[in-house]
file data-v7.cif (mmCIF, C-alpha atoms)
data_entry
#
loop_
_atom_site.label_atom_id
_atom_site.label_comp_id
_atom_site.auth_asym_id
_atom_site.auth_seq_id
_atom_site.Cartn_x
_atom_site.Cartn_y
_atom_site.Cartn_z
CA MET A 208 97.10 94.16 78.95
CA SER A 209 94.75 97.10 78.73
CA ASP A 210 96.18 100.39 79.90
CA HIS A 211 92.84 101.14 81.54
CA HIS A 212 93.19 101.57 85.28
CA ALA A 213 90.00 100.72 87.18
CA PRO A 214 89.32 102.89 90.27
CA ARG A 215 89.03 99.86 92.56
CA SER A 216 92.37 98.51 91.34
CA LEU A 217 94.04 101.90 91.80
CA ILE A 218 92.77 102.16 95.38
CA VAL A 219 94.22 98.73 96.21
CA THR A 220 97.47 99.78 94.53
CA PHE A 221 97.53 103.03 96.52
CA TYR A 222 97.03 101.25 99.85
CA GLY A 223 99.73 98.76 98.93
CA ALA A 224 102.22 101.49 98.03
CA TYR A 225 101.41 104.27 100.49
CA GLY A 226 98.42 103.34 102.66
CA ARG A 227 100.34 101.07 105.02
CA GLY A 228 102.51 103.92 106.27
CA THR A 229 105.37 105.87 104.73
CA VAL A 230 108.69 107.14 106.01
CA GLY A 231 107.90 109.35 109.00
CA ARG A 232 104.22 108.39 109.09
CA PRO A 233 102.95 105.28 110.88
CA ALA A 234 100.18 103.23 109.30
CA GLY A 235 96.68 104.48 109.99
CA PRO A 236 93.30 104.99 108.35
CA VAL A 237 93.34 107.09 105.18
CA PRO A 238 90.92 110.03 105.26
CA VAL A 239 88.28 109.82 102.55
CA ALA A 240 89.04 113.39 101.49
CA ALA A 241 92.74 112.54 101.10
CA LEU A 242 91.92 109.41 99.10
CA ILE A 243 89.79 111.51 96.74
CA ARG A 244 92.63 114.02 96.28
CA LEU A 245 95.28 111.37 95.74
CA LEU A 246 93.22 109.31 93.30
CA GLY A 247 92.26 112.53 91.51
CA SER A 248 95.95 112.91 90.67
CA VAL A 249 95.72 109.79 88.49
CA GLY A 250 92.42 110.79 86.86
CA VAL A 251 89.77 109.18 89.10
CA ASP A 252 86.79 111.42 89.87
CA PRO A 253 85.26 111.59 93.39
CA PRO A 254 82.08 109.55 92.63
CA SER A 255 84.21 106.73 91.23
CA VAL A 256 86.43 106.77 94.33
CA ARG A 257 83.40 106.57 96.65
CA SER A 258 81.83 103.78 94.59
CA ALA A 259 85.06 101.75 94.55
CA VAL A 260 85.57 102.25 98.30
CA SER A 261 82.03 100.96 98.91
CA ARG A 262 82.77 97.82 96.91
CA LEU A 263 86.02 97.19 98.76
CA LYS A 264 84.17 97.72 102.04
CA ARG A 265 81.55 95.12 101.04
CA ARG A 266 84.34 92.68 100.21
CA GLY A 267 85.74 93.15 103.71
CA LEU A 268 89.01 94.70 102.56
CA LEU A 269 88.44 98.27 103.81
CA LEU A 270 87.03 99.11 107.23
CA PRO A 271 85.37 102.44 108.12
CA ASP A 272 87.30 104.40 110.72
CA ARG A 273 88.03 107.93 111.95
CA THR A 274 91.19 109.95 112.04
CA ALA A 275 92.43 111.54 115.27
CA SER A 276 90.60 114.71 114.25
CA GLY A 277 87.36 112.82 113.66
CA ALA A 278 87.39 112.84 109.85
CA ALA A 279 85.86 109.89 107.99
CA ALA A 280 88.53 107.44 106.92
CA TYR A 281 89.14 103.86 105.84
CA GLY A 282 91.73 101.41 107.12
CA LEU A 283 92.80 97.97 105.95
CA SER A 284 91.22 94.81 107.34
CA ASP A 285 93.44 91.95 108.48
CA ALA A 286 92.48 90.05 105.32
CA ALA A 287 93.55 93.01 103.18
CA ARG A 288 96.89 93.26 104.98
CA GLN A 289 97.51 89.56 104.39
CA LEU A 290 96.59 90.02 100.73
CA LEU A 291 99.01 92.93 100.35
CA ASP A 292 101.78 91.16 102.26
CA ASP A 293 101.43 88.14 99.98
CA GLY A 294 101.43 90.46 96.99
CA ASP A 295 104.67 92.13 98.10
CA ARG A 296 106.58 88.90 97.64
CA ARG A 297 105.38 88.61 94.07
CA ILE A 298 105.42 92.25 93.01
CA TYR A 299 108.85 93.13 94.37
CA GLY A 300 110.51 89.71 94.25
CA ARG A 301 113.05 88.76 91.61
CA PRO A 302 111.64 86.30 89.02
CA ALA A 303 114.78 84.13 89.10
CA ALA A 304 114.60 83.83 92.89
CA ARG A 305 110.90 82.93 92.76
CA SER A 306 111.34 80.15 90.24
CA ARG A 307 113.19 77.60 92.39
CA GLY A 308 111.64 74.71 94.27
CA GLY A 309 109.64 72.46 91.94
CA TRP A 310 105.89 72.50 91.44
CA LEU A 311 102.70 72.88 93.45
CA LEU A 312 99.61 70.88 92.47
CA ALA A 313 96.08 71.80 93.49
CA VAL A 314 93.54 68.99 93.08
CA PHE A 315 89.96 69.81 93.92
CA SER A 316 86.58 68.15 94.03
CA VAL A 317 83.37 70.09 94.67
CA PRO A 318 79.94 68.45 95.21
CA GLU A 319 77.41 69.22 92.47
CA GLU A 320 75.12 71.03 94.91
CA GLU A 321 77.96 73.49 95.58
CA ARG A 322 79.05 73.93 91.98
CA HIS A 323 79.22 77.73 92.41
CA LYS A 324 82.29 77.08 94.56
CA ARG A 325 83.84 75.13 91.69
CA HIS A 326 83.71 78.27 89.56
CA LEU A 327 85.14 80.34 92.41
CA LEU A 328 87.97 77.85 92.89
CA ARG A 329 88.89 77.89 89.21
CA SER A 330 88.73 81.67 89.14
CA ARG A 331 90.96 82.10 92.20
CA LEU A 332 93.52 79.53 91.12
CA SER A 333 93.71 81.23 87.74
CA ARG A 334 94.20 84.63 89.42
CA LEU A 335 96.98 83.16 91.53
CA GLY A 336 98.77 82.17 88.33
CA PHE A 337 98.02 78.44 88.21
CA GLY A 338 98.04 76.64 84.87
CA THR A 339 95.82 73.71 83.99
CA ALA A 340 97.57 70.32 83.90
CA ALA A 341 94.35 68.28 83.55
CA PRO A 342 90.65 68.68 84.44
CA GLY A 343 90.55 69.39 88.17
CA VAL A 344 94.36 69.44 88.40
CA TRP A 345 96.06 72.85 88.52
CA ILE A 346 99.79 73.52 88.65
CA ALA A 347 102.02 76.41 89.72
CA PRO A 348 105.61 77.01 90.83
CA ALA A 349 106.04 75.70 94.38
CA HIS A 350 106.89 79.13 95.79
CA LEU A 351 103.17 79.97 95.58
CA TYR A 352 102.31 77.52 98.36
CA ASP A 353 101.92 80.01 101.24
CA GLU A 354 99.89 82.49 99.21
CA THR A 355 97.68 79.75 97.80
CA ARG A 356 97.03 78.39 101.27
CA HIS A 357 96.18 81.87 102.62
CA THR A 358 93.82 82.54 99.72
CA LEU A 359 91.95 79.24 100.00
CA GLU A 360 91.59 79.62 103.76
CA ARG A 361 90.42 83.23 103.47
CA LEU A 362 87.72 82.22 100.97
CA GLN A 363 86.79 79.09 102.96
CA LEU A 364 87.65 76.87 99.99
CA SER A 365 90.34 74.76 101.64
CA PRO A 366 88.01 71.80 102.43
CA TYR A 367 87.65 71.15 98.68
CA VAL A 368 91.33 71.19 97.75
CA ASP A 369 94.38 68.99 98.27
CA LEU A 370 97.80 70.56 97.71
CA PHE A 371 100.91 68.60 96.68
CA ARG A 372 104.54 69.56 96.04
CA GLY A 373 106.71 67.66 93.59
CA ALA A 374 108.73 67.43 90.39
CA HIS A 375 107.56 66.85 86.83
CA ALA A 376 108.36 63.24 85.86
CA GLY A 377 106.34 62.99 82.66
CA PHE A 378 107.19 61.56 79.24
CA GLU A 379 107.65 64.89 77.44
CA PRO A 380 110.19 67.60 78.23
CA THR A 381 109.00 69.90 80.99
CA ALA A 382 109.37 72.94 78.70
CA HIS A 383 106.83 71.37 76.32
CA ALA A 384 104.48 70.63 79.19
CA VAL A 385 104.74 74.22 80.46
CA SER A 386 103.59 75.46 77.04
CA ARG A 387 100.45 73.32 77.50
CA TRP A 388 99.81 74.36 81.09
CA TRP A 389 100.09 78.10 80.36
CA ASP A 390 99.26 80.22 77.31
CA LEU A 391 102.78 81.60 76.86
CA GLY A 392 101.81 83.68 73.85
CA ARG A 393 99.22 85.55 75.90
CA LEU A 394 101.66 86.05 78.77
CA ALA A 395 104.34 87.39 76.43
CA ALA A 396 101.80 89.84 74.99
CA LEU A 397 101.03 91.11 78.51
CA HIS A 398 104.73 91.77 79.13
CA HIS A 399 105.11 93.55 75.79
CA SER A 400 102.06 95.70 76.55
CA PHE A 401 103.60 96.77 79.86
CA LEU A 402 106.88 97.59 78.14
CA ASP A 403 105.16 99.60 75.40
CA VAL A 404 103.62 101.92 78.01
CA HIS A 405 106.19 102.07 80.79
CA GLU A 406 109.58 101.67 79.12
CA PRO A 407 109.23 105.17 77.59
CA VAL A 408 108.35 106.47 81.07
CA LEU A 409 111.59 105.01 82.42
CA ARG A 410 113.57 106.59 79.58
CA HIS A 411 111.97 109.95 80.40
CA TRP A 412 112.92 109.72 84.07
CA SER A 413 116.41 108.47 83.26
CA ARG A 414 117.09 111.74 81.43
CA ARG A 415 115.93 113.93 84.32
CA ARG A 416 118.25 115.12 87.07
CA SER A 417 115.47 116.16 89.46
CA ALA A 418 112.10 114.60 90.19
CA ASP A 419 108.78 116.36 90.68
CA PRO A 420 107.00 114.54 93.56
CA GLN A 421 103.52 114.78 92.01
CA GLN A 422 104.64 113.45 88.64
CA ALA A 423 106.72 110.75 90.33
CA TYR A 424 103.70 109.73 92.41
CA ARG A 425 101.46 109.59 89.34
CA ASP A 426 103.89 107.66 87.13
CA TYR A 427 104.79 105.23 89.91
CA LEU A 428 101.19 104.48 90.90
CA LEU A 429 100.19 103.82 87.29
CA ALA A 430 103.25 101.64 86.68
CA LEU A 431 102.64 99.68 89.88
CA ASP A 432 98.95 99.24 89.03
CA SER A 433 99.90 97.79 85.65
CA TRP A 434 102.82 95.72 86.92
CA ARG A 435 101.23 94.11 89.96
CA ARG A 436 98.94 92.01 87.76
CA LEU A 437 101.81 90.55 85.74
CA PRO A 438 103.47 88.42 88.46
CA TYR A 439 100.04 86.80 88.90
CA ALA A 440 99.43 86.10 85.22
CA ASP A 441 103.07 84.97 84.86
CA PRO A 442 103.82 83.43 88.27
CA GLY A 443 107.62 83.26 88.05
CA LEU A 444 108.04 80.33 85.69
CA PRO A 445 111.63 79.03 85.54
CA SER A 446 113.55 80.87 82.82
CA ALA A 447 115.06 77.60 81.55
CA LEU A 448 111.55 76.49 80.56
CA LEU A 449 110.65 79.68 78.67
CA PRO A 450 111.52 80.90 75.16
CA ALA A 451 114.98 82.49 74.86
CA ASP A 452 113.52 85.91 74.01
CA TRP A 453 111.05 85.89 76.92
CA PRO A 454 110.06 89.54 77.66
CA GLY A 455 109.24 88.94 81.31
CA LEU A 456 112.75 89.59 82.60
CA ARG A 457 112.96 92.86 80.66
CA ALA A 458 109.57 93.96 82.00
CA ALA A 459 110.72 93.13 85.54
CA ARG A 460 113.88 95.20 85.07
CA VAL A 461 111.83 98.19 83.87
CA PHE A 462 109.48 98.02 86.84
CA THR A 463 112.36 97.56 89.30
CA ALA A 464 114.07 100.65 87.88
CA LEU A 465 110.87 102.71 88.08
CA HIS A 466 110.32 101.54 91.65
CA ALA A 467 113.84 102.57 92.67
CA ARG A 468 113.58 105.95 90.92
CA LEU A 469 110.03 107.01 91.79
CA ARG A 470 108.59 105.26 94.83
CA ASP A 471 110.20 107.32 97.58
CA VAL A 472 109.90 110.60 95.66
CA GLY A 473 106.20 109.90 95.11
CA ALA A 474 105.86 109.15 98.83
CA ARG A 475 106.61 112.82 99.56
CA TYR A 476 103.58 113.85 97.51
CA ALA A 477 101.38 111.18 99.11
CA GLU A 478 102.51 112.19 102.59
CA ALA A 479 101.75 115.87 101.94
CA HIS A 480 98.16 115.01 100.95
CA LEU A 481 97.32 112.41 103.57
CA HIS A 482 96.49 115.03 106.19
#
call {"tool": "encode", "arguments": {"input": "data-v7.cif", "output": "structure tokens"}}
result
Amino acid sequence: MSDHHAPRSLIVTFYGAYGRGTVGRPAGPVPVAALIRLLGSVGVDPPSVRSAVSRLKRRGLLLPDRTASGAAAYGLSDAARQLLDDGDRRIYGRPAARSRGGWLLAVFSVPEEERHKRHLLRSRLSRLGFGTAAPGVWIAPAHLYDETRHTLERLQLSPYVDLFRGAHAGFEPTAHAVSRWWDLGRLAALHHSFLDVHEPVLRHWSRRRSADPQQAYRDYLLALDSWRRLPYADPGLPSALLPADWPGLRAARVFTALHARLRDVGARYAEAHLH
């Protein structure tokens, strides 16, 4: 995993963490000026913020609005709220709890004259964490059903896909099949990359008795921006089917500890700059 944090990704991460309301502040549109200040704290310059906001607006995720004082602002669309709500279950859920319930199969067929949708389908299923069982047959843990359904409906791809739930009843051990369906070496490398960057951050905060809100906000937003991609690349595969030294559980523990230590402290900094 690259430690590069794209402005558009950081904006989505910010809205997910602090843009849906914080303690003492109901959800509302985020002023553009506040967004520029808050993204500046993690190294994003104003032109990059404006450019990323424009792209998210074109995708229908951010909607132009005004604050009570009349300042330009952006709020979340219904589709964006659904996307973030679905993401919450992955990002903050426990891997062991997510891994129960069998498998979900997605089988699709797209007419040749609409082959651009075939590429979009493959891309979205991959982003959701599906592995490839066979050409046109994609597989994921069954707990991804609701999110998969929401995603396919939102992108108007549901007419091309059939979804099935079931158990693996093949001729090889399921653990061997999982190693074919997913590139476990690549997934392990992503977990190790996260640990290389953010485990030292956790050690730093574990030694501190007090927390500076601005530093907590910065370290939490960067950790969340890195972490939130991992439960999609590695969609909560059952631990019994993974190598014994699988780094995913350790990475999850590090993020959970950073979340508990920094999220609410960072919220104080975000709250102070949202007005």
call {"tool": "residues_around", "arguments": {"input": "data-v7.cif", "residues": "Ala241 (chain A)", "least_positions_apart": "3", "cutoff": "7 Å", "atoms": "only C-alpha atoms", "output": "PyMOL selection string"}}
result
chain A and resi 237-238+244-245+480-482
call {"tool": "write_last_selection", "arguments": {"input": "data-v7.cif", "atoms": "C-alpha atoms", "output": "CSV table (one decimal), in the coordinates of the input"}}
result
chain,number,residue,atom,x,y,z
A,237,VAL,CA,93.3,107.1,105.2
A,238,PRO,CA,90.9,110.0,105.3
A,244,ARG,CA,92.6,114.0,96.3
A,245,LEU,CA,95.3,111.4,95.7
A,480,HIS,CA,98.2,115.0,101.0
A,481,LEU,CA,97.3,112.4,103.6
A,482,HIS,CA,96.5,115.0,106.2
call {"tool": "resolve_selection", "arguments": {"input": "data-v7.cif", "expression": "the PyMOL selection byres ((chain A and resi 247) around 12)", "output": "PyMOL selection string"}}
result
chain A and resi 214+217-218+221+240-246+248-257+421+424-425+477+480
call {"tool": "closest_residue", "arguments": {"input": "data-v7.cif", "among": "A:Ala430, A:His466, A:Asp390, A:Pro420", "to": "Val404 (chain A)", "atoms": "only C-alpha atoms"}}
result
A:Ala430
call {"tool": "closest_residue", "arguments": {"input": "data-v7.cif", "among": "A:Val408, A:Leu428, A:Val239, A:Gly377", "to": "Val472 (chain A)", "atoms": "only C-alpha atoms"}}
result
A:Leu428
call {"tool": "resolve_selection", "arguments": {"input": "data-v7.cif", "expression": "the PyMOL selection byres ((chain A and resi 223) around 9)", "output": "ChimeraX atom specification"}}
result
/A:218-222,224-227,288,291-292,294-295
call {"tool": "resolve_selection", "arguments": {"input": "data-v7.cif", "expression": "the PyMOL selection byres ((chain A and resi 385) around 12)", "output": "JSON, numbers by chain"}}
result
{"A": [310, 337, 338, 339, 340, 345, 346, 347, 348, 375, 377, 379, 380, 381, 382, 383, 384, 386, 387, 388, 389, 390, 391, 392, 441, 444, 445, 446, 447, 448, 449, 450]}
call {"tool": "atom_distance", "arguments": {"input": "data-v7.cif", "atom1": "CA of Ala286 (chain A)", "atom2": "CA of Gly235 (chain A)"}}
result
15.7 Å
call {"tool": "closest_residue", "arguments": {"input": "data-v7.cif", "among": "A:Pro236, A:His357, A:Leu437, A:Val314", "to": "Ala279 (chain A)", "atoms": "all atoms listed in the file"}}
result
A:Pro236
call {"tool": "build_atoms", "arguments": {"input": "data-v7.cif", "residues": "region 455-474 of chain A", "atoms": "N, CA and C atoms", "output": "PDB file, in the frame of the given file"}}
result
ATOM      1  N   GLY A 455     109.549  88.744  79.902  1.00  0.00           N
ATOM      2  CA  GLY A 455     109.240  88.940  81.310  1.00  0.00           C
ATOM      3  C   GLY A 455     110.383  89.514  82.118  1.00  0.00           C
ATOM      4  N   LEU A 456     111.607  89.074  81.844  1.00  0.00           N
ATOM      5  CA  LEU A 456     112.750  89.590  82.600  1.00  0.00           C
ATOM      6  C   LEU A 456     112.983  91.061  82.296  1.00  0.00           C
ATOM      7  N   ARG A 457     112.806  91.453  81.025  1.00  0.00           N
ATOM      8  CA  ARG A 457     112.960  92.860  80.660  1.00  0.00           C
ATOM      9  C   ARG A 457     111.884  93.710  81.330  1.00  0.00           C
ATOM     10  N   ALA A 458     110.655  93.223  81.337  1.00  0.00           N
ATOM     11  CA  ALA A 458     109.570  93.960  82.000  1.00  0.00           C
ATOM     12  C   ALA A 458     109.861  94.112  83.488  1.00  0.00           C
ATOM     13  N   ALA A 459     110.389  93.057  84.108  1.00  0.00           N
ATOM     14  CA  ALA A 459     110.720  93.130  85.540  1.00  0.00           C
ATOM     15  C   ALA A 459     111.811  94.155  85.787  1.00  0.00           C
ATOM     16  N   ARG A 460     112.801  94.211  84.908  1.00  0.00           N
ATOM     17  CA  ARG A 460     113.880  95.200  85.070  1.00  0.00           C
ATOM     18  C   ARG A 460     113.339  96.625  84.953  1.00  0.00           C
ATOM     19  N   VAL A 461     112.411  96.848  84.032  1.00  0.00           N
ATOM     20  CA  VAL A 461     111.830  98.190  83.870  1.00  0.00           C
ATOM     21  C   VAL A 461     111.055  98.583  85.122  1.00  0.00           C
ATOM     22  N   PHE A 462     110.228  97.661  85.631  1.00  0.00           N
ATOM     23  CA  PHE A 462     109.480  98.020  86.840  1.00  0.00           C
ATOM     24  C   PHE A 462     110.424  98.249  88.015  1.00  0.00           C
ATOM     25  N   THR A 463     111.428  97.404  88.184  1.00  0.00           N
ATOM     26  CA  THR A 463     112.360  97.560  89.300  1.00  0.00           C
ATOM     27  C   THR A 463     113.055  98.912  89.235  1.00  0.00           C
ATOM     28  N   ALA A 464     113.427  99.346  88.038  1.00  0.00           N
ATOM     29  CA  ALA A 464     114.070 100.650  87.880  1.00  0.00           C
ATOM     30  C   ALA A 464     113.114 101.788  88.196  1.00  0.00           C
ATOM     31  N   LEU A 465     111.863 101.688  87.757  1.00  0.00           N
ATOM     32  CA  LEU A 465     110.870 102.710  88.080  1.00  0.00           C
ATOM     33  C   LEU A 465     110.609 102.763  89.581  1.00  0.00           C
ATOM     34  N   HIS A 466     110.530 101.611  90.194  1.00  0.00           N
ATOM     35  CA  HIS A 466     110.320 101.540  91.650  1.00  0.00           C
ATOM     36  C   HIS A 466     111.454 102.249  92.387  1.00  0.00           C
ATOM     37  N   ALA A 467     112.691 101.959  91.994  1.00  0.00           N
ATOM     38  CA  ALA A 467     113.840 102.570  92.670  1.00  0.00           C
ATOM     39  C   ALA A 467     113.889 104.072  92.438  1.00  0.00           C
ATOM     40  N   ARG A 468     113.481 104.525  91.265  1.00  0.00           N
ATOM     41  CA  ARG A 468     113.580 105.950  90.920  1.00  0.00           C
ATOM     42  C   ARG A 468     112.434 106.767  91.497  1.00  0.00           C
ATOM     43  N   LEU A 469     111.219 106.201  91.557  1.00  0.00           N
ATOM     44  CA  LEU A 469     110.030 107.010  91.790  1.00  0.00           C
ATOM     45  C   LEU A 469     109.315 106.777  93.115  1.00  0.00           C
ATOM     46  N   ARG A 470     109.441 105.587  93.682  1.00  0.00           N
ATOM     47  CA  ARG A 470     108.590 105.260  94.830  1.00  0.00           C
ATOM     48  C   ARG A 470     108.750 106.236  95.985  1.00  0.00           C
ATOM     49  N   ASP A 471     109.974 106.462  96.420  1.00  0.00           N
ATOM     50  CA  ASP A 471     110.200 107.320  97.580  1.00  0.00           C
ATOM     51  C   ASP A 471     109.940 108.785  97.274  1.00  0.00           C
ATOM     52  N   VAL A 472     110.214 109.214  96.049  1.00  0.00           N
ATOM     53  CA  VAL A 472     109.900 110.600  95.660  1.00  0.00           C
ATOM     54  C   VAL A 472     108.389 110.794  95.673  1.00  0.00           C
ATOM     55  N   GLY A 473     107.660 109.829  95.104  1.00  0.00           N
ATOM     56  CA  GLY A 473     106.200 109.900  95.110  1.00  0.00           C
ATOM     57  C   GLY A 473     105.623 109.874  96.511  1.00  0.00           C
ATOM     58  N   ALA A 474     106.327 109.209  97.436  1.00  0.00           N
ATOM     59  CA  ALA A 474     105.860 109.150  98.830  1.00  0.00           C
ATOM     60  C   ALA A 474     105.788 110.542  99.443  1.00  0.00           C
TER      61      ALA A 474
END
